[in-house]
>>> print(open('my_file08.txt').read())   # compact mmCIF, C-alpha atoms and all ligand atoms
# COMPACT_ATOMS: atom_id res chain seq x y z
CA GLU A 1 -61.33 -70.20 0.15
CA LYS A 2 -58.09 -71.26 -1.47
CA GLN A 3 -59.44 -74.69 -2.25
CA PHE A 4 -62.48 -73.11 -3.76
CA SER A 5 -60.28 -70.89 -5.88
CA LYS A 6 -58.49 -73.97 -7.22
CA SER A 7 -61.72 -75.70 -8.02
CA ILE A 8 -63.18 -72.69 -9.83
CA PHE A 9 -59.92 -72.41 -11.68
CA HIS A 10 -60.15 -75.96 -13.01
CA ARG A 11 -63.56 -75.23 -14.39
CA ILE A 12 -62.47 -72.12 -16.23
CA GLY A 13 -61.52 -71.74 -19.83
CA LYS A 14 -60.98 -74.25 -22.59
CA PRO A 15 -57.49 -74.23 -24.10
CA ASP A 16 -57.21 -71.99 -27.13
CA LYS A 17 -54.40 -70.81 -29.40
CA TRP A 18 -52.87 -68.90 -26.47
CA GLU A 19 -52.36 -71.98 -24.31
CA ILE A 20 -48.72 -72.82 -23.54
CA PRO A 21 -47.79 -76.18 -21.99
CA PHE A 22 -46.30 -75.46 -18.57
CA GLU A 23 -43.21 -77.64 -19.33
CA LYS A 24 -42.19 -75.31 -22.14
CA LEU A 25 -41.46 -72.50 -19.68
CA SER A 26 -38.16 -72.51 -17.85
CA PHE A 27 -38.40 -70.12 -14.94
CA GLN A 28 -35.42 -67.97 -14.10
CA SER A 29 -35.64 -65.19 -11.55
CA HIS A 30 -38.15 -63.29 -9.48
CA LEU A 31 -38.61 -59.84 -11.04
CA GLY A 32 -40.98 -58.31 -8.55
CA GLU A 33 -44.49 -58.04 -7.25
CA GLY A 34 -47.50 -56.28 -8.68
CA HIS A 35 -51.00 -55.60 -7.33
CA PHE A 36 -51.77 -59.22 -6.64
CA GLY A 37 -49.33 -61.16 -8.78
CA VAL A 38 -45.68 -62.09 -8.74
CA VAL A 39 -43.61 -61.62 -11.88
CA TYR A 40 -40.88 -64.06 -12.92
CA SER A 41 -38.55 -64.02 -15.86
CA ALA A 42 -38.49 -67.21 -17.90
CA THR A 43 -37.58 -68.47 -21.30
CA LEU A 44 -39.92 -69.99 -23.84
CA GLY A 45 -38.12 -71.76 -26.65
CA GLY A 46 -34.98 -69.79 -25.80
CA LYS A 47 -36.83 -66.45 -25.91
CA PRO A 48 -36.99 -64.34 -22.74
CA VAL A 49 -40.52 -63.81 -21.41
CA ALA A 50 -42.14 -62.48 -18.24
CA CYS A 51 -44.65 -64.62 -16.34
CA LYS A 52 -47.25 -63.25 -14.01
CA ILE A 53 -48.52 -65.74 -11.46
CA LEU A 54 -50.60 -65.49 -8.30
CA LYS A 55 -49.03 -64.95 -4.91
CA GLU A 56 -49.19 -67.78 -2.42
CA ASN A 57 -52.51 -68.01 -0.63
CA SER A 58 -54.30 -65.98 -3.24
CA THR A 59 -58.01 -65.53 -2.87
CA ILE A 60 -60.66 -66.56 -5.32
CA ASP A 61 -61.10 -62.92 -6.23
CA GLU A 62 -57.43 -62.59 -7.14
CA THR A 63 -57.59 -65.77 -9.22
CA ARG A 64 -60.57 -64.32 -11.01
CA GLN A 65 -58.74 -61.04 -11.58
CA LEU A 66 -55.75 -62.75 -13.16
CA LEU A 67 -58.03 -64.82 -15.40
CA GLN A 68 -59.83 -61.60 -16.31
CA GLU A 69 -56.52 -59.96 -17.12
CA ILE A 70 -55.61 -62.93 -19.34
CA GLU A 71 -58.91 -62.71 -21.20
CA LEU A 72 -58.56 -58.95 -21.60
CA MET A 73 -55.03 -59.25 -22.96
CA LYS A 74 -56.10 -61.87 -25.51
CA ASN A 75 -58.33 -59.22 -27.00
CA VAL A 76 -55.97 -56.27 -26.83
CA GLY A 77 -53.91 -57.17 -29.89
CA SER A 78 -50.39 -55.95 -30.40
CA HIS A 79 -48.97 -52.47 -30.52
CA PRO A 80 -45.33 -51.33 -30.18
CA ASN A 81 -46.15 -49.32 -27.04
CA ILE A 82 -48.27 -51.88 -25.22
CA VAL A 83 -46.84 -54.93 -23.44
CA SER A 84 -48.10 -57.77 -25.55
CA MET A 85 -49.30 -61.16 -24.50
CA ILE A 86 -47.38 -64.23 -25.60
CA GLY A 87 -49.69 -66.80 -24.10
CA CYS A 88 -51.04 -68.31 -20.94
CA VAL A 89 -51.08 -71.48 -18.90
CA THR A 90 -54.55 -72.32 -17.67
CA GLN A 91 -54.66 -76.10 -17.99
CA ASN A 92 -53.43 -78.71 -15.54
CA VAL A 93 -51.82 -76.27 -13.16
CA THR A 94 -52.44 -76.36 -9.45
CA ASN A 95 -51.10 -72.96 -8.49
CA GLY A 96 -53.35 -70.80 -10.57
CA PRO A 97 -53.11 -69.41 -14.07
CA ILE A 98 -49.97 -67.93 -15.61
CA LEU A 99 -49.96 -64.92 -17.90
CA VAL A 100 -46.96 -64.89 -20.24
CA VAL A 101 -46.01 -61.53 -21.75
CA GLU A 102 -43.06 -60.11 -23.64
CA TYR A 103 -40.01 -59.39 -21.53
CA CYS A 104 -38.93 -55.77 -21.05
CA SER A 105 -35.29 -55.85 -20.08
CA MET A 106 -35.04 -52.41 -18.48
CA GLY A 107 -37.81 -52.88 -15.91
CA ASN A 108 -40.33 -50.24 -14.97
CA LEU A 109 -40.08 -46.57 -15.85
CA LEU A 110 -40.31 -45.32 -12.26
CA THR A 111 -37.27 -47.33 -11.14
CA TYR A 112 -35.43 -46.15 -14.23
CA LEU A 113 -36.23 -42.48 -13.54
CA ARG A 114 -35.13 -42.79 -9.92
CA SER A 115 -31.85 -44.38 -10.91
CA VAL A 116 -31.24 -41.55 -13.38
CA TYR A 117 -31.94 -39.16 -10.51
CA ASP A 118 -29.62 -40.93 -8.06
CA HIS A 119 -26.87 -41.20 -10.64
CA THR A 120 -27.21 -37.56 -11.64
CA SER A 121 -27.40 -36.06 -8.18
CA LYS A 122 -24.34 -38.06 -7.21
CA MET A 123 -22.48 -36.77 -10.25
CA LEU A 124 -23.60 -33.19 -9.68
CA ASN A 125 -22.65 -33.36 -6.02
CA GLU A 126 -19.20 -34.52 -6.97
CA TYR A 127 -18.57 -31.55 -9.20
CA HIS A 128 -20.72 -28.77 -7.78
CA GLU A 129 -20.88 -28.43 -4.04
CA ASP A 130 -23.81 -26.06 -4.24
CA VAL A 131 -26.06 -28.58 -5.88
CA TYR A 132 -28.13 -30.30 -3.28
CA HIS A 133 -31.34 -32.16 -3.13
CA ASP A 134 -34.30 -32.25 -0.85
CA GLY A 135 -36.50 -35.28 -1.32
CA ARG A 136 -36.48 -35.75 -5.03
CA GLN A 137 -36.03 -32.14 -6.07
CA LEU A 138 -32.66 -30.92 -7.21
CA PHE A 139 -31.63 -27.42 -6.16
CA ILE A 140 -28.83 -25.59 -7.82
CA ASN A 141 -27.16 -22.54 -6.43
CA LYS A 142 -27.92 -19.73 -8.87
CA SER A 143 -24.36 -18.42 -8.73
CA TYR A 144 -23.22 -21.32 -10.82
CA GLU A 145 -25.64 -20.26 -13.53
CA LEU A 146 -25.93 -23.80 -14.67
CA ASN A 147 -28.36 -23.76 -17.52
CA PHE A 148 -30.64 -26.52 -18.52
CA SER A 149 -28.52 -27.83 -21.37
CA GLN A 150 -25.45 -28.15 -19.16
CA ILE A 151 -27.44 -30.04 -16.57
CA GLU A 152 -29.08 -32.04 -19.29
CA SER A 153 -25.85 -33.15 -20.87
CA SER A 154 -24.90 -34.89 -17.64
CA LEU A 155 -28.20 -36.77 -17.50
CA SER A 156 -29.14 -39.90 -19.27
CA LEU A 157 -32.59 -38.42 -19.63
CA SER A 158 -32.47 -35.72 -22.26
CA HIS A 159 -35.24 -33.32 -23.25
CA LYS A 160 -35.58 -35.41 -26.39
CA ASP A 161 -36.08 -38.52 -24.25
CA VAL A 162 -38.84 -36.72 -22.35
CA LEU A 163 -40.59 -35.87 -25.63
CA SER A 164 -40.10 -39.38 -26.97
CA PHE A 165 -41.52 -40.87 -23.74
CA GLY A 166 -44.55 -38.60 -24.02
CA SER A 167 -45.12 -39.60 -27.63
CA GLN A 168 -44.67 -43.33 -26.99
CA ILE A 169 -46.98 -43.47 -23.96
CA ALA A 170 -49.63 -41.39 -25.75
CA PHE A 171 -49.38 -43.70 -28.78
CA GLY A 172 -49.88 -46.80 -26.64
CA MET A 173 -52.77 -45.17 -24.80
CA GLU A 174 -54.35 -44.00 -28.06
CA TYR A 175 -54.36 -47.65 -29.16
CA LEU A 176 -55.84 -48.85 -25.84
CA SER A 177 -58.58 -46.25 -26.02
CA GLN A 178 -59.37 -47.27 -29.60
CA GLN A 179 -59.81 -50.81 -28.25
CA LYS A 180 -62.33 -49.27 -25.83
CA ILE A 181 -60.14 -50.14 -22.87
CA LEU A 182 -59.59 -47.88 -19.89
CA HIS A 183 -56.32 -48.30 -18.08
CA ARG A 184 -57.35 -46.66 -14.79
CA ASP A 185 -53.88 -47.09 -13.27
CA LEU A 186 -51.63 -45.29 -15.69
CA ALA A 187 -48.47 -44.40 -13.71
CA ALA A 188 -44.71 -44.63 -14.30
CA ARG A 189 -44.62 -47.83 -12.20
CA ASN A 190 -46.90 -49.44 -14.77
CA ILE A 191 -44.83 -48.55 -17.80
CA LEU A 192 -42.02 -50.90 -18.79
CA MET A 193 -38.87 -50.14 -20.69
CA CYS A 194 -37.11 -52.22 -23.33
CA GLU A 195 -33.82 -51.61 -25.13
CA ASP A 196 -33.30 -48.23 -26.80
CA LYS A 197 -35.66 -46.56 -24.32
CA ARG A 198 -38.71 -48.07 -25.93
CA LEU A 199 -41.68 -47.86 -23.58
CA LYS A 200 -44.64 -50.16 -23.19
CA VAL A 201 -47.80 -49.54 -21.23
CA SER A 202 -48.37 -52.45 -18.88
CA ASP A 203 -50.39 -53.79 -15.98
CA PHE A 204 -53.99 -54.08 -16.85
CA GLY A 205 -54.73 -55.18 -13.31
CA LEU A 206 -57.24 -52.43 -12.77
CA SER A 207 -58.28 -51.92 -16.34
CA ARG A 208 -61.74 -52.67 -17.55
CA ASP A 209 -63.26 -53.14 -20.93
CA VAL A 210 -65.70 -50.34 -21.46
CA TYR A 211 -67.77 -51.94 -24.20
CA MET A 212 -70.87 -49.82 -24.80
CA ASN A 213 -70.39 -47.33 -22.02
CA SER A 214 -67.55 -44.96 -22.47
CA ILE A 215 -67.71 -44.13 -18.80
CA TYR A 216 -67.13 -46.67 -16.10
CA TYR A 217 -68.43 -46.25 -12.57
CA LYS A 218 -66.36 -48.05 -9.99
CA LYS A 219 -68.60 -49.51 -7.31
CA SER A 220 -66.47 -51.35 -4.79
CA GLY A 221 -63.52 -50.08 -2.80
CA GLY A 222 -59.91 -51.17 -2.98
CA LYS A 223 -56.57 -49.48 -2.99
CA LEU A 224 -56.79 -46.52 -5.32
CA PRO A 225 -53.95 -44.66 -7.03
CA LEU A 226 -55.22 -41.33 -5.60
CA ARG A 227 -52.32 -39.12 -6.74
CA TRP A 228 -52.82 -40.25 -10.35
CA MET A 229 -56.58 -39.94 -10.39
CA ALA A 230 -58.60 -37.33 -12.22
CA LEU A 231 -60.75 -34.96 -10.18
CA GLU A 232 -64.01 -36.62 -11.35
CA SER A 233 -62.61 -40.06 -10.42
CA LEU A 234 -61.77 -38.81 -6.92
CA THR A 235 -65.09 -37.09 -6.38
CA HIS A 236 -67.59 -39.14 -8.41
CA GLN A 237 -65.82 -42.43 -9.24
CA ILE A 238 -66.14 -41.55 -12.91
CA TYR A 239 -63.54 -43.09 -15.22
CA SER A 240 -63.14 -42.44 -18.92
CA THR A 241 -60.40 -42.21 -21.50
CA GLN A 242 -60.21 -38.55 -20.49
CA SER A 243 -59.48 -39.55 -16.88
CA ASP A 244 -56.66 -41.72 -18.26
CA VAL A 245 -55.45 -38.51 -19.97
CA TRP A 246 -55.29 -36.81 -16.54
CA SER A 247 -53.12 -39.71 -15.27
CA PHE A 248 -50.97 -39.32 -18.36
CA GLY A 249 -50.29 -35.74 -17.24
CA VAL A 250 -49.18 -37.06 -13.85
CA VAL A 251 -46.87 -39.55 -15.61
CA LEU A 252 -45.32 -36.61 -17.49
CA TRP A 253 -44.74 -34.95 -14.12
CA GLU A 254 -43.12 -38.16 -12.81
CA ILE A 255 -40.82 -38.19 -15.85
CA VAL A 256 -39.65 -34.59 -15.57
CA SER A 257 -39.23 -34.86 -11.80
CA PHE A 258 -37.09 -38.02 -12.14
CA GLY A 259 -39.54 -40.28 -10.39
CA GLY A 260 -40.82 -37.97 -7.67
CA LEU A 261 -43.99 -38.74 -5.72
CA PRO A 262 -46.75 -36.53 -7.17
CA TYR A 263 -48.01 -33.68 -4.96
CA PRO A 264 -45.01 -33.69 -2.63
CA GLY A 265 -45.98 -32.62 0.86
CA VAL A 266 -49.70 -33.06 0.23
CA GLU A 267 -51.68 -35.73 2.08
CA ALA A 268 -53.57 -37.88 -0.41
CA GLN A 269 -56.84 -37.44 1.46
CA ASN A 270 -56.68 -33.65 0.98
CA LEU A 271 -56.13 -33.93 -2.76
CA SER A 272 -59.67 -33.70 -4.08
CA GLU A 273 -60.39 -30.54 -2.05
CA LEU A 274 -57.19 -28.89 -3.31
CA LEU A 275 -57.84 -29.92 -6.91
CA LYS A 276 -61.43 -28.64 -6.69
CA LYS A 277 -60.07 -25.27 -5.62
CA GLY A 278 -57.90 -25.25 -8.74
CA PHE A 279 -54.63 -26.29 -7.15
CA ARG A 280 -52.24 -28.04 -9.58
CA MET A 281 -48.62 -29.15 -9.30
CA ILE A 282 -46.05 -26.49 -10.07
CA LYS A 283 -43.55 -26.80 -12.90
CA PRO A 284 -40.66 -29.06 -11.89
CA GLN A 285 -37.26 -27.43 -12.14
CA PHE A 286 -36.04 -29.22 -15.25
CA CYS A 287 -39.32 -29.17 -17.10
CA HIS A 288 -39.62 -27.24 -20.36
CA ASP A 289 -42.50 -24.75 -20.55
CA LYS A 290 -44.16 -26.55 -23.45
CA VAL A 291 -44.16 -29.87 -21.62
CA TYR A 292 -45.59 -28.18 -18.51
CA SER A 293 -48.33 -26.57 -20.53
CA ILE A 294 -49.31 -30.01 -21.94
CA MET A 295 -49.44 -31.31 -18.35
CA LEU A 296 -51.75 -28.49 -17.30
CA ASP A 297 -54.02 -29.24 -20.28
CA CYS A 298 -54.29 -32.86 -19.09
CA TRP A 299 -55.41 -31.56 -15.68
CA LYS A 300 -58.26 -29.37 -16.93
CA GLU A 301 -61.27 -29.71 -14.65
CA SER A 302 -63.66 -30.58 -17.45
CA PRO A 303 -62.71 -33.94 -19.09
CA ASN A 304 -63.72 -32.69 -22.53
CA ASP A 305 -61.31 -29.76 -22.30
CA ARG A 306 -58.36 -32.15 -21.98
CA PRO A 307 -56.47 -33.18 -25.10
CA THR A 308 -57.10 -36.64 -26.58
CA PHE A 309 -54.31 -39.21 -26.68
CA SER A 310 -54.13 -38.72 -30.45
CA ALA A 311 -53.66 -34.97 -29.97
CA LEU A 312 -51.05 -35.63 -27.28
CA LYS A 313 -49.08 -37.92 -29.56
CA GLU A 314 -49.19 -35.31 -32.31
CA ALA A 315 -48.08 -32.58 -29.91
CA PHE A 316 -45.05 -34.57 -28.75
CA ASP A 317 -44.16 -35.59 -32.29
CA ALA A 318 -44.32 -31.95 -33.36
CA LEU A 319 -42.01 -30.94 -30.49
CA LEU A 320 -39.67 -33.83 -31.36
CA ALA A 321 -39.52 -32.64 -34.96
CA THR A 322 -38.18 -29.26 -33.81
CA GLU A 323 -35.34 -31.00 -31.93
CA THR A 324 -32.33 -31.85 -33.98
O1 LIG B 401 -38.77 -52.72 -12.29
P1 LIG B 401 -39.19 -54.10 -12.44
O2 LIG B 401 -38.16 -55.15 -12.65
O3 LIG B 401 -40.26 -54.21 -13.63
O4 LIG B 401 -40.18 -54.55 -11.27
C1 LIG B 401 -41.49 -54.76 -11.70
C2 LIG B 401 -42.00 -56.11 -11.27
O5 LIG B 401 -41.88 -57.00 -12.35
C3 LIG B 401 -43.45 -56.10 -10.78
O6 LIG B 401 -44.30 -55.64 -11.79
C4 LIG B 401 -41.30 -56.34 -13.46
N1 LIG B 401 -42.00 -56.71 -14.67
C5 LIG B 401 -43.32 -56.81 -14.83
N2 LIG B 401 -43.60 -57.16 -16.09
C6 LIG B 401 -42.43 -57.28 -16.74
C7 LIG B 401 -42.07 -57.59 -18.09
N3 LIG B 401 -43.00 -57.85 -19.01
N4 LIG B 401 -40.77 -57.59 -18.41
C8 LIG B 401 -39.85 -57.30 -17.48
N5 LIG B 401 -40.12 -57.00 -16.20
C9 LIG B 401 -41.40 -56.99 -15.84
C10 LIG B 401 -41.42 -54.87 -13.20
>>> encode(input="my_file08.txt", output="structure tokens")
Amino acid sequence: EKQFSKSIFHRIGKPDKWEIPFEKLSFQSHLGEGHFGVVYSATLGGKPVACKILKENSTIDETRQLLQEIELMKNVGSHPNIVSMIGCVTQNVTNGPILVVEYCSMGNLLTYLRSVYDHTSKMLNEYHEDVYHDGRQLFINKSYELNFSQIESSLSLSHKDVLSFGSQIAFGMEYLSQQKILHRDLAARNILMCEDKRLKVSDFGLSRDVYMNSIYYKKSGGKLPLRWMALESLTHQIYSTQSDVWSFGVVLWEIVSFGGLPYPGVEAQNLSELLKKGFRMIKPQFCHDKVYSIMLDCWKESPNDRPTFSALKEAFDALLATET
């Protein structure tokens, strides 16, 4: 199968303006692994870039997926809150295609949130013996009467950061939806961070162009991000921009819970039954009411009752404007 994948690869794609000669890339370090690819940092003419390549022994299907991702990204265009494509290597390479994208120095949002959590709980534990954590939830002994702003001042994730994250992700997703692209795997692990806490929506591994249909029916199986999926995606395999909005609500929950696993204590296979009955995640301890109410709106049962990404961006910008 591998040989076949190489031969199909050689037949695919004529070089276009995106083509980068392989020699121009100097590879540096292994950044991590995604769905099916491996990500390396590299430089291109002295500029840092990130390169996505296939894992060893990739199948023909994975080769096809990476080529599909390359083609999709060529058409996405650039936006400040979307990881943009720099180019690709598809000619004269034996180990499969390479997708070259802009480098985001701070890595993914989930890792960032968890390091904020670890740093903070360590700091709090040093100063307040009655602050303890269970899983990823922080508990504070009421007798200390620590209020949110005191806690917040010791975090490197302020309420303003939360609002800015919400606005940035919604802005990037608004752009994607205007390009008629569904993400279908919007999660903190698929959002990258650059300097100054600038966020970029990434990983179009599962995304699909929607073209004429605004709703995409997924036919075949595969590993699904169950805890991020909208109710109609879980029950009827229906995906739309409004199911991406549901996932956006889960990302908000990940942010305010410092990188917690959504639906703590719930088995993923029981999720759709619970959601059908109206069960939703409770407000995380450090979450402001207004942010929680936006989350709940994203998790409305009927897709049309959920806010649009444009409305979400406006809502976060309005909340940001009230912060000084
Ligand atoms: O937290 P990370 O370093 O950020 O670990 C993951 C890993 O590769 C697998 O996706 C990192 N990564 C992916 N794309 C980029 C990029 N464009 N810039 C920097 N790091 C990236 C990601």
>>> atom_distance(input="my_file08.txt", atom1="atom CA of Gly37 of chain A", atom2="atom CA of Thr90 of chain A")
15.2 Å
>>> closest_residue(input="my_file08.txt", among="A:Val39, A:Leu157, A:Ile20, A:Ile53", to="Ile86 of chain A", atoms="all atoms listed in the file")
A:Ile20
>>> residues_near_ligand(input="my_file08.txt", ligand="ligand LIG 401 (chain B)", cutoff="7 Å", atoms="only C-alpha atoms and all ligand atoms", output="JSON, numbers by chain")
{"A": [31, 32, 33, 34, 38, 39, 49, 50, 83, 101, 102, 103, 104, 105, 106, 107, 108, 111, 192]}
>>> closest_residue(input="my_file08.txt", among="A:Ser164, A:Gln178, A:Ser121, A:Ser302", to="Leu231 of chain A", atoms="all atoms listed in the file")
A:Ser302
>>> closest_residue(input="my_file08.txt", among="A:Arg184, A:Arg227, A:His119, A:Arg114", to="Gly259 of chain A", atoms="all atoms listed in the file")
A:Arg114
>>> residues_around(input="my_file08.txt", residues="segment 263-270 of chain A", least_positions_apart="4", cutoff="10 Å", atoms="only C-alpha atoms", output="list in words")
Gly135, Arg136, Gln137, Pro225, Leu226, Arg227, Trp228, Leu234, Val250, Trp253, Leu274, Leu275, Arg280, Met281 and Ile282 of chain A
>>> closest_residue(input="my_file08.txt", among="A:Cys51, A:Val89, A:Val291, A:Leu182", to="Asp244 of chain A", atoms="only C-alpha atoms")
A:Leu182
>>> closest_residue(input="my_file08.txt", among="A:Leu296, A:Leu66, A:Met229, A:Val76", to="Gln179 of chain A", atoms="only C-alpha atoms")
A:Val76
>>> atom_distance(input="my_file08.txt", atom1="atom CA of Gly249 of chain A", atom2="atom CA of Met295 of chain A")
4.6 Å
>>> atom_distance(input="my_file08.txt", atom1="atom CA of Ala170 of chain A", atom2="atom CA of Pro307 of chain A")
10.7 Å
>>> residues_around(input="my_file08.txt", residues="Leu25 of chain A", least_positions_apart="5", cutoff="8 Å", atoms="all atoms listed in the file", output="PDB file with C-alpha atoms, in the coordinates of the input")
ATOM      1  CA  ALA A  42     -38.490 -67.210 -17.900  1.00  0.00           C
ATOM      2  CA  THR A  43     -37.580 -68.470 -21.300  1.00  0.00           C
ATOM      3  CA  LEU A  44     -39.920 -69.990 -23.840  1.00  0.00           C
ATOM      4  CA  GLY A  45     -38.120 -71.760 -26.650  1.00  0.00           C
TER       5      GLY A  45
END
>>> closest_residue(input="my_file08.txt", among="A:Lys47, A:His79, A:Lys160, A:Lys55", to="Thr324 of chain A", atoms="only C-alpha atoms")
A:Lys160
>>> residues_around(input="my_file08.txt", residues="segment 311-322 of chain A", least_positions_apart="3", cutoff="10 Å", atoms="only C-alpha atoms", output="MDAnalysis selection string")
chainID A and resid 159:174 245 248 290:291 294 297:298 306:308
